[in-house]
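What follows is the content of start20.pdb, which has PDB, C-alpha atoms:
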ATOM      1  CA  MET A   1     -71.784  32.322  79.109
ATOM      2  CA  LYS A   2     -68.863  34.697  78.587
ATOM      3  CA  ALA A   3     -67.037  36.881  81.120
ATOM      4  CA  CYS A   4     -63.678  38.669  80.978
ATOM      5  CA  SER A   5     -63.061  37.343  77.448
ATOM      6  CA  LYS A   6     -63.396  33.732  78.612
ATOM      7  CA  ASP A   7     -66.142  31.169  78.235
ATOM      8  CA  PHE A   8     -67.681  29.740  81.389
ATOM      9  CA  LYS A   9     -69.997  26.806  81.933
ATOM     10  CA  ILE A  10     -72.439  26.308  84.775
ATOM     11  CA  ASP A  11     -73.147  22.753  85.938
ATOM     12  CA  GLY A  12     -75.825  21.472  88.293
ATOM     13  CA  ARG A  13     -79.519  22.069  88.876
ATOM     14  CA  LEU A  14     -80.081  22.572  92.589
ATOM     15  CA  ILE A  15     -76.516  23.749  93.189
ATOM     16  CA  ARG A  16     -75.085  25.618  90.212
ATOM     17  CA  ILE A  17     -71.299  25.752  89.973
ATOM     18  CA  ALA A  18     -69.531  28.007  87.462
ATOM     19  CA  ARG A  19     -66.076  27.241  86.129
ATOM     20  CA  VAL A  20     -63.861  28.255  83.228
ATOM     21  CA  ASP A  21     -64.671  26.164  80.160
ATOM     22  CA  GLY A  22     -61.621  23.916  79.875
ATOM     23  CA  GLU A  23     -60.490  24.740  83.398
ATOM     24  CA  LYS A  24     -57.537  22.314  83.427
ATOM     25  CA  PHE A  25     -55.860  24.174  80.565
ATOM     26  CA  LYS A  26     -57.547  27.595  80.757
ATOM     27  CA  PHE A  27     -57.076  29.817  83.810
ATOM     28  CA  PRO A  28     -58.588  33.130  85.015
ATOM     29  CA  ASP A  29     -55.986  35.884  85.091
ATOM     30  CA  ASP A  30     -58.123  38.161  87.295
ATOM     31  CA  PRO A  31     -60.478  36.070  89.497
ATOM     32  CA  GLN A  32     -61.999  39.151  91.133
ATOM     33  CA  ALA A  33     -63.018  40.594  87.773
ATOM     34  CA  VAL A  34     -64.591  37.230  86.913
ATOM     35  CA  LEU A  35     -66.504  37.243  90.204
ATOM     36  CA  ASN A  36     -67.837  40.730  89.536
ATOM     37  CA  ALA A  37     -68.957  39.718  86.054
ATOM     38  CA  LEU A  38     -70.622  36.505  87.272
ATOM     39  CA  LYS A  39     -72.597  38.394  89.918
ATOM     40  CA  LYS A  40     -73.963  40.815  87.323
ATOM     41  CA  SER A  41     -74.756  38.414  84.507
ATOM     42  CA  GLY A  42     -77.087  35.439  84.090
ATOM     43  CA  PRO A  43     -77.725  32.607  84.370
ATOM     44  CA  ARG A  44     -77.388  32.372  88.124
ATOM     45  CA  ALA A  45     -74.415  30.554  89.651
ATOM     46  CA  ASP A  46     -74.095  29.663  93.349
ATOM     47  CA  LEU A  47     -70.368  28.936  93.396
ATOM     48  CA  PHE A  48     -67.399  29.824  91.237
ATOM     49  CA  THR A  49     -64.451  27.420  91.256
ATOM     50  CA  PHE A  50     -61.022  27.508  89.608
ATOM     51  CA  ILE A  51     -57.550  26.031  90.022
ATOM     52  CA  GLN A  52     -54.105  27.552  89.628
ATOM     53  CA  ARG A  53     -51.602  26.661  86.922
ATOM     54  CA  ALA A  54     -49.271  23.679  87.382
ATOM     55  CA  SER A  55     -46.375  26.093  87.906
ATOM     56  CA  GLU A  56     -48.204  27.813  90.807
ATOM     57  CA  THR A  57     -48.395  25.286  93.639
ATOM     58  CA  SER A  58     -48.693  27.757  96.537
ATOM     59  CA  PRO A  59     -51.997  29.557  97.214
ATOM     60  CA  LYS A  60     -52.069  33.021  95.628
ATOM     61  CA  TYR A  61     -55.515  34.148  96.817
ATOM     62  CA  SER A  62     -57.433  34.406 100.085
ATOM     63  CA  TYR A  63     -60.635  32.796  98.760
ATOM     64  CA  PRO A  64     -61.947  29.566 100.389
ATOM     65  CA  MET A  65     -59.653  26.808  99.173
ATOM     66  CA  GLU A  66     -59.270  23.038  98.996
ATOM     67  CA  TRP A  67     -56.467  20.970  97.509
ATOM     68  CA  ASP A  68     -56.889  19.404  94.079
ATOM     69  CA  ASN A  69     -54.339  17.663  91.876
ATOM     70  CA  LEU A  70     -53.240  17.292  88.275
ATOM     71  CA  ALA A  71     -51.050  14.791  86.448
ATOM     72  CA  VAL A  72     -48.202  17.000  85.230
ATOM     73  CA  LEU A  73     -45.204  16.313  83.033
ATOM     74  CA  PRO A  74     -42.470  18.981  83.194
ATOM     75  CA  VAL A  75     -41.146  19.329  79.631
ATOM     76  CA  SER A  76     -37.672  20.507  78.659
ATOM     77  CA  THR A  77     -36.566  18.504  75.617
ATOM     78  CA  PHE A  78     -37.915  15.351  74.023
ATOM     79  CA  GLU A  79     -34.546  13.678  74.541
ATOM     80  CA  HIS A  80     -34.625  14.368  78.281
ATOM     81  CA  TRP A  81     -38.118  12.883  78.578
ATOM     82  CA  TRP A  82     -37.134   9.851  76.492
ATOM     83  CA  GLY A  83     -33.936   9.192  78.403
ATOM     84  CA  HIS A  84     -34.795  10.207  81.983
ATOM     85  CA  GLN A  85     -38.537  10.630  82.631
ATOM     86  CA  ILE A  86     -40.340   7.830  80.832
ATOM     87  CA  GLY A  87     -40.427   4.280  82.203
ATOM     88  CA  PHE A  88     -38.710   1.362  80.458
ATOM     89  CA  LYS A  89     -41.971  -0.410  79.568
ATOM     90  CA  ALA A  90     -43.618   2.732  78.173
ATOM     91  CA  ARG A  91     -40.505   3.501  76.088
ATOM     92  CA  ASN A  92     -40.582   0.035  74.553
ATOM     93  CA  LYS A  93     -44.286   0.392  73.790
ATOM     94  CA  ALA A  94     -43.688   3.686  71.996
ATOM     95  CA  LYS A  95     -40.912   2.036  69.955
ATOM     96  CA  GLN A  96     -43.205  -0.890  69.162
ATOM     97  CA  ALA A  97     -45.700   1.393  67.439
ATOM     98  CA  GLY A  98     -43.126   2.545  64.900
ATOM     99  CA  LYS A  99     -41.892  -0.986  64.256
ATOM    100  CA  LYS A 100     -45.451  -2.086  63.469
ATOM    101  CA  GLY A 101     -46.013   0.677  60.964
ATOM    102  CA  VAL A 102     -47.797   3.360  63.016
ATOM    103  CA  VAL A 103     -47.106   6.851  61.684
ATOM    104  CA  LEU A 104     -47.523   9.936  63.909
ATOM    105  CA  ARG A 105     -48.110  13.442  62.653
ATOM    106  CA  GLU A 106     -49.866  16.675  63.518
ATOM    107  CA  VAL A 107     -53.048  17.060  61.489
ATOM    108  CA  PRO A 108     -55.347  20.004  60.702
ATOM    109  CA  PHE A 109     -58.909  20.053  61.946
ATOM    110  CA  GLY A 110     -61.178  19.133  59.052
ATOM    111  CA  GLU A 111     -63.580  16.532  57.718
ATOM    112  CA  PRO A 112     -61.022  13.687  57.326
ATOM    113  CA  LEU A 113     -60.011  14.097  60.987
ATOM    114  CA  VAL A 114     -63.627  14.379  62.167
ATOM    115  CA  GLN A 115     -64.602  11.211  60.280
ATOM    116  CA  GLY A 116     -61.625   9.362  61.767
ATOM    117  CA  ILE A 117     -62.533  10.545  65.277
ATOM    118  CA  CYS A 118     -66.121   9.410  64.752
ATOM    119  CA  ASP A 119     -64.901   5.954  63.664
ATOM    120  CA  ILE A 120     -62.725   5.667  66.780
ATOM    121  CA  TYR A 121     -65.529   6.672  69.140
ATOM    122  CA  ASN A 122     -67.950   4.207  67.546
ATOM    123  CA  GLU A 123     -65.610   1.213  67.588
ATOM    124  CA  CYS A 124     -66.424  -0.193  71.012
ATOM    125  CA  PRO A 125     -69.159   0.440  73.627
ATOM    126  CA  ILE A 126     -66.937  -0.475  76.601
ATOM    127  CA  ARG A 127     -63.508   0.899  77.507
ATOM    128  CA  GLN A 128     -61.544   0.267  80.683
ATOM    129  CA  GLY A 129     -64.376  -1.782  82.171
ATOM    130  CA  ARG A 130     -67.018   0.922  81.884
ATOM    131  CA  ARG A 131     -69.547   2.120  79.344
ATOM    132  CA  PHE A 132     -67.913   4.476  76.851
ATOM    133  CA  PRO A 133     -70.112   7.608  76.857
ATOM    134  CA  HIS A 134     -69.174   8.659  73.303
ATOM    135  CA  TYR A 135     -70.149   5.377  71.646
ATOM    136  CA  GLY A 136     -72.785   6.031  68.982
ATOM    137  CA  MET A 137     -71.551   9.572  68.302
ATOM    138  CA  THR A 138     -72.770  11.123  65.062
ATOM    139  CA  LEU A 139     -70.510  12.906  62.623
ATOM    140  CA  GLU A 140     -72.117  16.222  63.523
ATOM    141  CA  ARG A 141     -71.603  15.623  67.222
ATOM    142  CA  ALA A 142     -67.972  14.552  66.654
ATOM    143  CA  ARG A 143     -67.345  17.788  64.754
ATOM    144  CA  GLU A 144     -68.836  19.822  67.590
ATOM    145  CA  TYR A 145     -67.152  17.828  70.378
ATOM    146  CA  ALA A 146     -63.654  17.916  68.905
ATOM    147  CA  GLY A 147     -63.958  21.426  67.482
ATOM    148  CA  THR A 148     -63.654  23.439  70.686
ATOM    149  CA  PHE A 149     -60.703  25.801  71.379
ATOM    150  CA  LEU A 150     -59.535  25.523  67.755
ATOM    151  CA  ASP A 151     -57.468  28.719  68.003
ATOM    152  CA  SER A 152     -55.256  27.120  70.674
ATOM    153  CA  SER A 153     -55.444  23.408  69.789
ATOM    154  CA  VAL A 154     -53.003  20.946  68.243
ATOM    155  CA  PHE A 155     -54.286  17.625  66.864
ATOM    156  CA  ILE A 156     -51.969  14.632  66.568
ATOM    157  CA  GLY A 157     -53.013  11.531  64.652
ATOM    158  CA  ALA A 158     -51.735   7.958  64.769
ATOM    159  CA  PHE A 159     -52.139   6.326  61.355
ATOM    160  CA  PHE A 160     -51.846   2.707  60.263
ATOM    161  CA  GLU A 161     -52.026   2.068  56.540
ATOM    162  CA  ASP A 162     -53.333   5.636  56.125
ATOM    163  CA  ARG A 163     -56.238   5.047  58.525
ATOM    164  CA  LEU A 164     -56.592   7.082  61.717
ATOM    165  CA  ILE A 165     -56.376   4.648  64.650
ATOM    166  CA  GLY A 166     -55.839   7.155  67.459
ATOM    167  CA  PHE A 167     -55.642  10.866  68.160
ATOM    168  CA  ILE A 168     -54.667  13.432  70.755
ATOM    169  CA  LYS A 169     -55.985  16.950  71.150
ATOM    170  CA  LEU A 170     -53.678  19.358  72.968
ATOM    171  CA  VAL A 171     -55.016  22.703  74.179
ATOM    172  CA  ILE A 172     -52.443  25.413  74.916
ATOM    173  CA  ASP A 173     -53.123  28.091  77.543
ATOM    174  CA  GLU A 174     -52.845  31.836  76.949
ATOM    175  CA  SER A 175     -49.314  32.029  78.363
ATOM    176  CA  ARG A 176     -48.225  29.286  75.922
ATOM    177  CA  THR A 177     -46.327  27.598  78.748
ATOM    178  CA  HIS A 178     -48.942  24.944  79.612
ATOM    179  CA  ALA A 179     -50.706  22.416  77.393
ATOM    180  CA  GLY A 180     -53.475  20.052  78.439
ATOM    181  CA  LEU A 181     -54.422  16.699  76.965
ATOM    182  CA  MET A 182     -58.103  17.248  76.242
ATOM    183  CA  HIS A 183     -58.645  14.027  74.251
ATOM    184  CA  ILE A 184     -56.487  10.916  73.873
ATOM    185  CA  VAL A 185     -58.251   7.897  72.377
ATOM    186  CA  SER A 186     -57.085   4.962  70.261
ATOM    187  CA  MET A 187     -58.822   2.042  68.604
ATOM    188  CA  VAL A 188     -59.046  -1.012  70.833
ATOM    189  CA  GLY A 189     -58.604  -3.251  67.789
ATOM    190  CA  HIS A 190     -55.097  -1.821  67.247
ATOM    191  CA  ARG A 191     -53.911  -1.924  70.860
ATOM    192  CA  ASP A 192     -51.231  -4.471  69.895
ATOM    193  CA  LYS A 193     -49.486  -1.583  68.094
ATOM    194  CA  ALA A 194     -49.497   0.646  71.227
ATOM    195  CA  PRO A 195     -50.802   3.756  69.417
ATOM    196  CA  THR A 196     -51.641   5.520  72.689
ATOM    197  CA  ASN A 197     -48.006   5.318  73.843
ATOM    198  CA  ALA A 198     -46.818   6.609  70.485
ATOM    199  CA  LEU A 199     -49.333   9.475  70.563
ATOM    200  CA  LEU A 200     -48.133  10.526  73.990
ATOM    201  CA  ALA A 201     -44.531  10.502  72.795
ATOM    202  CA  GLN A 202     -45.450  12.756  69.875
ATOM    203  CA  ALA A 203     -47.371  15.057  72.244
ATOM    204  CA  VAL A 204     -44.200  15.514  74.308
ATOM    205  CA  ARG A 205     -42.239  16.243  71.137
ATOM    206  CA  SER A 206     -44.844  18.776  69.982
ATOM    207  CA  CYS A 207     -44.695  20.539  73.371
ATOM    208  CA  ALA A 208     -40.894  20.586  73.413
ATOM    209  CA  ASP A 209     -40.802  22.022  69.873
ATOM    210  CA  ARG A 210     -43.075  24.868  71.048
ATOM    211  CA  ALA A 211     -41.117  25.500  74.295
ATOM    212  CA  ILE A 212     -44.171  24.503  76.364
ATOM    213  CA  SER A 213     -42.977  23.791  79.905
ATOM    214  CA  TYR A 214     -45.850  21.733  81.333
ATOM    215  CA  LEU A 215     -48.041  19.038  79.819
ATOM    216  CA  THR A 216     -51.055  18.100  81.944
ATOM    217  CA  TYR A 217     -53.163  14.942  81.664
ATOM    218  CA  SER A 218     -56.241  15.713  83.750
ATOM    219  CA  ASN A 219     -56.139  14.526  87.393
ATOM    220  CA  PHE A 220     -53.593  12.097  88.756
ATOM    221  CA  ALA A 221     -56.053  10.872  91.415
ATOM    222  CA  TYR A 222     -59.823  11.277  91.659
ATOM    223  CA  GLY A 223     -61.429  11.662  95.079
ATOM    224  CA  LYS A 224     -60.472   8.764  97.345
ATOM    225  CA  LYS A 225     -59.469   6.567  94.402
ATOM    226  CA  GLN A 226     -55.710   7.010  94.589
ATOM    227  CA  THR A 227     -54.471   4.623  91.873
ATOM    228  CA  ASP A 228     -55.848   2.718  88.908
ATOM    229  CA  SER A 229     -54.644   1.580  85.480
ATOM    230  CA  LEU A 230     -54.880   5.111  84.090
ATOM    231  CA  SER A 231     -52.810   6.691  86.872
ATOM    232  CA  ASP A 232     -50.261   3.873  86.454
ATOM    233  CA  PHE A 233     -50.113   4.646  82.730
ATOM    234  CA  LYS A 234     -49.528   8.330  83.463
ATOM    235  CA  GLU A 235     -46.774   7.560  85.964
ATOM    236  CA  ARG A 236     -44.978   5.193  83.567
ATOM    237  CA  ASN A 237     -44.928   8.005  81.027
ATOM    238  CA  GLY A 238     -43.330  10.490  83.398
ATOM    239  CA  PHE A 239     -46.344  12.353  84.785
ATOM    240  CA  GLN A 240     -46.241  13.360  88.439
ATOM    241  CA  ARG A 241     -48.970  14.208  90.888
ATOM    242  CA  ILE A 242     -48.927  17.942  91.551
ATOM    243  CA  ASP A 243     -51.221  19.257  94.299
ATOM    244  CA  LEU A 244     -52.739  22.631  93.458
ATOM    245  CA  PRO A 245     -55.092  25.062  95.197
ATOM    246  CA  ARG A 246     -58.714  24.878  94.067
ATOM    247  CA  TYR A 247     -60.871  27.809  95.124
ATOM    248  CA  TYR A 248     -64.617  27.709  95.783
ATOM    249  CA  ILE A 249     -66.174  31.153  96.038
ATOM    250  CA  PRO A 250     -69.845  31.505  97.085
ATOM    251  CA  LEU A 251     -71.950  33.860  94.972
ATOM    252  CA  THR A 252     -75.306  33.298  96.709
ATOM    253  CA  LEU A 253     -76.691  32.149 100.063
ATOM    254  CA  THR A 254     -77.139  28.700  98.521
ATOM    255  CA  GLY A 255     -73.471  28.766  97.604
ATOM    256  CA  ARG A 256     -72.428  29.665 101.154
ATOM    257  CA  LEU A 257     -74.535  26.827 102.627
ATOM    258  CA  THR A 258     -73.256  24.415  99.985
ATOM    259  CA  LEU A 259     -69.666  25.180 100.857
ATOM    260  CA  ARG A 260     -70.289  25.015 104.607
ATOM    261  CA  PHE A 261     -71.834  21.530 104.450
ATOM    262  CA  GLY A 262     -69.600  20.100 101.738
ATOM    263  CA  LEU A 263     -72.434  19.666  99.255
ATOM    264  CA  HIS A 264     -70.251  20.767  96.324
ATOM    265  CA  HIS A 265     -68.644  17.308  96.252
ATOM    266  CA  ARG A 266     -70.126  14.232  94.574
ATOM    267  CA  LEU A 267     -71.789  11.631  96.779
ATOM    268  CA  VAL A 268     -69.134   9.068  95.854
ATOM    269  CA  ASP A 269     -66.440  11.390  97.248
ATOM    270  CA  HIS A 270     -68.007  11.059 100.717
ATOM    271  CA  LEU A 271     -67.843   7.243 100.676
ATOM    272  CA  PRO A 272     -64.941   5.349 102.278
ATOM    273  CA  GLY A 273     -62.304   4.358  99.728
ATOM    274  CA  PHE A 274     -62.982   0.629 100.027
ATOM    275  CA  VAL A 275     -66.702   1.155  99.367
ATOM    276  CA  GLY A 276     -65.989   3.095  96.184
ATOM    277  CA  ALA A 277     -63.556   0.390  95.054
ATOM    278  CA  LYS A 278     -66.161  -2.323  95.610
ATOM    279  CA  LEU A 279     -68.800  -0.383  93.679
ATOM    280  CA  ARG A 280     -66.383   0.057  90.747
ATOM    281  CA  GLU A 281     -65.584  -3.643  90.862
ATOM    282  CA  LEU A 282     -69.299  -4.552  90.680
ATOM    283  CA  ARG A 283     -69.887  -2.060  87.869
ATOM    284  CA  ASN A 284     -66.986  -3.438  85.835
ATOM    285  CA  ALA A 285     -68.140  -7.027  86.359
ATOM    286  CA  TRP A 286     -71.625  -6.131  85.112
ATOM    287  CA  TYR A 287     -70.327  -4.412  81.978
ATOM    288  CA  ASN A 288     -67.883  -7.244  81.291
ATOM    289  CA  ARG A 289     -70.742  -9.719  81.361
ATOM    290  CA  LYS A 290     -72.795  -7.578  79.004
ATOM    291  CA  PHE A 291     -70.017  -6.655  76.603
ATOM    292  CA  ARG A 292     -66.620  -7.973  75.640
ATOM    293  CA  SER A 293     -64.065  -6.386  77.981
ATOM    294  CA  ALA A 294     -61.618  -4.099  76.269
ATOM    295  CA  THR A 295     -58.545  -2.193  77.330
ATOM    296  CA  GLU A 296     -56.213   0.076  75.411
ATOM    297  CA  LEU A 297     -53.689   1.423  77.934
ATOM    298  CA  SER A 298     -50.430  -0.356  78.649
TER     299      SER A 298
END
Re-express the file's structure as structure tokens.
Amino acid sequence: MKACSKDFKIDGRLIRIARVDGEKFKFPDDPQAVLNALKKSGPRADLFTFIQRASETSPKYSYPMEWDNLAVLPVSTFEHWWGHQIGFKARNKAKQAGKKGVVLREVPFGEPLVQGICDIYNECPIRQGRRFPHYGMTLERAREYAGTFLDSSVFIGAFFEDRLIGFIKLVIDESRTHAGLMHIVSMVGHRDKAPTNALLAQAVRSCADRAISYLTYSNFAYGKKQTDSLSDFKERNGFQRIDLPRYYIPLTLTGRLTLRFGLHHRLVDHLPGFVGAKLRELRNAWYNRKFRSATELS
């Protein structure tokens, strides 16, 4: 659905939660106008949620609020990131890609890119110890999945011998001061060339060239899971945890009851941290027995 010139999506069946489509790199400029529009239009939503920009860490509104977080890299120049923000190991990995023949460049959205993305998604059914949800993606689905926000997106490809082996999609917000990493995926079979590290380095360069001040890489921590290999990867590349206000605004009686009893959170978020860790360990062991274990981050 559309409201206030922005696209919104509504998730859930029993409890329906509305949010800005691409909420970690798209932000409502006038939340009250959005609320008014959501109340008047269908389909029904019980709650509306949104977060503030990475540059706005103090609460601006009086709506019901909880704390959320993002992995944020403040960007000034590429040279500053390379010399002062990135870790030694990540810097060496990014150098390694160039030495092994990986070429980085911004690429237009079109059929060659879509075919390359499809090949990457269909390389391996397991990534990071879990089932990869995009494995088996068709060319049509890849075109649809990667083709969102094209008016504000930048695609960066990692090429080896003229074949796409990894890509990043950056989405820039309306103020052109924030960019979010919407997709970052590389071929597991080329992990020895560290294409993911090289892609991230080029993403920083692309942001610096456009005077974009903040690069975000989704959440730094999820629920009670404070660290994992992905958060370690983010930290080695200079990303910091930034805590930001997340607002939950009831639109219906169901929404008010949901918020009161904490039903807007996933079941796993209510479990003790050690229980969640054990469940992830069992899940990973099961997938590793069924498929060859693969990892691409370093």
Which residues of stretch 60-134 of chain A come within 10 Å of stretch 206-227 of chain A, and for each one, what is the closest pair of atoms and their distance in Å to one decimal, counting only C-alpha atoms, sorted by chain and residue number, as CSV?
residue,atom,partner,partner_atom,distance
A:Asp68,CA,A:Asn219,CA,8.3
A:Asn69,CA,A:Asn219,CA,5.8
A:Leu70,CA,A:Asn219,CA,4.1
A:Ala71,CA,A:Phe220,CA,4.4
A:Val72,CA,A:Thr216,CA,4.5
A:Leu73,CA,A:Leu215,CA,5.1
A:Pro74,CA,A:Tyr214,CA,4.7
A:Val75,CA,A:Ser213,CA,4.8
A:Ser76,CA,A:Ala208,CA,6.2
A:Thr77,CA,A:Ala208,CA,5.3
A:Phe78,CA,A:Ala208,CA,6.1
A:Glu79,CA,A:Ala208,CA,9.4
A:Trp81,CA,A:Ala208,CA,9.7
A:Arg105,CA,A:Ser206,CA,9.6
A:Glu106,CA,A:Ser206,CA,8.5
For this file, the PyMOL selection byres ((chain A and resi 13) around 12) selects which residues, as a list in words? Ile10, Asp11, Gly12, Leu14, Ile15, Arg16, Ile17, Ala18, Pro43, Arg44, Ala45, Asp46, Thr254 and His264 of chain A
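Computed from the coordinates, the atom CA of A:Met1 to atom CA of A:Ala37 distance equals 10.5 Å.
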Give me the residues near A:Tyr247 as a ChimeraX atom specification, where near means some atom within 8 Å (using only C-alpha atoms) and where sequence neighbours in that chain fewer than 6 positions away do not count. /A:48-51,63-66
Can I get the selection written as a PDB file, in the coordinates of the input, with C-alpha atoms?
ATOM      1  CA  PHE A  48     -67.399  29.824  91.237  1.00  0.00           C
ATOM      2  CA  THR A  49     -64.451  27.420  91.256  1.00  0.00           C
ATOM      3  CA  PHE A  50     -61.022  27.508  89.608  1.00  0.00           C
ATOM      4  CA  ILE A  51     -57.550  26.031  90.022  1.00  0.00           C
ATOM      5  CA  TYR A  63     -60.635  32.796  98.760  1.00  0.00           C
ATOM      6  CA  PRO A  64     -61.947  29.566 100.389  1.00  0.00           C
ATOM      7  CA  MET A  65     -59.653  26.808  99.173  1.00  0.00           C
ATOM      8  CA  GLU A  66     -59.270  23.038  98.996  1.00  0.00           C
TER       9      GLU A  66
END
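Of the listed residues (A:Lys93, A:Asp162, A:Ile156, A:Lys100), A:Ile156 comes nearest to A:Leu181; the distances count all atoms listed in the file.
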I would like the residues chosen by the PyMOL selection byres ((chain A and resi 53) around 12) on the shown file; could you give them as number ranges by chain? A: 23-29, 50-52, 54-60, 68-72, 173-180, 213-216, 242-246
Model the absent atoms of stretch 214-233 of chain A so that N, CA and C atoms are present, and write the result as a compact mmCIF listing (two decimals), keeping the file's coordinate frame.
# COMPACT_ATOMS: atom_id res chain seq x y z
N TYR A 214 -45.06 22.69 80.55
CA TYR A 214 -45.85 21.73 81.33
C TYR A 214 -46.93 21.12 80.46
N LEU A 215 -46.98 19.79 80.49
CA LEU A 215 -48.04 19.04 79.82
C LEU A 215 -48.88 18.38 80.90
N THR A 216 -50.18 18.66 80.92
CA THR A 216 -51.06 18.10 81.94
C THR A 216 -51.99 17.07 81.32
N TYR A 217 -52.32 16.06 82.12
CA TYR A 217 -53.16 14.94 81.66
C TYR A 217 -54.25 14.74 82.70
N SER A 218 -55.12 15.74 82.82
CA SER A 218 -56.24 15.71 83.75
C SER A 218 -55.73 15.45 85.18
N ASN A 219 -56.54 14.81 86.01
CA ASN A 219 -56.14 14.53 87.39
C ASN A 219 -55.24 13.30 87.47
N PHE A 220 -54.38 13.31 88.48
CA PHE A 220 -53.59 12.10 88.76
C PHE A 220 -54.41 11.13 89.61
N ALA A 221 -55.17 11.67 90.56
CA ALA A 221 -56.05 10.87 91.42
C ALA A 221 -57.40 11.56 91.49
N TYR A 222 -58.46 10.76 91.61
CA TYR A 222 -59.82 11.28 91.66
C TYR A 222 -60.45 10.91 93.00
N GLY A 223 -60.80 11.92 93.79
CA GLY A 223 -61.43 11.66 95.08
C GLY A 223 -60.57 10.77 95.95
N LYS A 224 -61.19 9.70 96.48
CA LYS A 224 -60.47 8.76 97.34
C LYS A 224 -59.88 7.60 96.57
N LYS A 225 -60.07 7.60 95.23
CA LYS A 225 -59.47 6.57 94.40
C LYS A 225 -58.06 7.02 94.04
N GLN A 226 -57.07 6.50 94.73
CA GLN A 226 -55.71 7.01 94.59
C GLN A 226 -54.98 6.46 93.36
N THR A 227 -55.18 5.20 93.02
CA THR A 227 -54.47 4.62 91.87
C THR A 227 -55.42 3.74 91.07
N ASP A 228 -55.16 3.65 89.79
CA ASP A 228 -55.85 2.72 88.91
C ASP A 228 -54.97 2.54 87.68
N SER A 229 -55.48 1.85 86.65
CA SER A 229 -54.64 1.58 85.48
C SER A 229 -54.28 2.87 84.75
N LEU A 230 -55.18 3.85 84.78
CA LEU A 230 -54.88 5.11 84.09
C LEU A 230 -53.80 5.90 84.81
N SER A 231 -53.86 5.98 86.14
CA SER A 231 -52.81 6.69 86.87
C SER A 231 -51.47 5.97 86.74
N ASP A 232 -51.50 4.63 86.68
CA ASP A 232 -50.26 3.87 86.45
C ASP A 232 -49.68 4.21 85.09
N PHE A 233 -50.55 4.29 84.08
CA PHE A 233 -50.11 4.65 82.73
C PHE A 233 -49.46 6.03 82.72
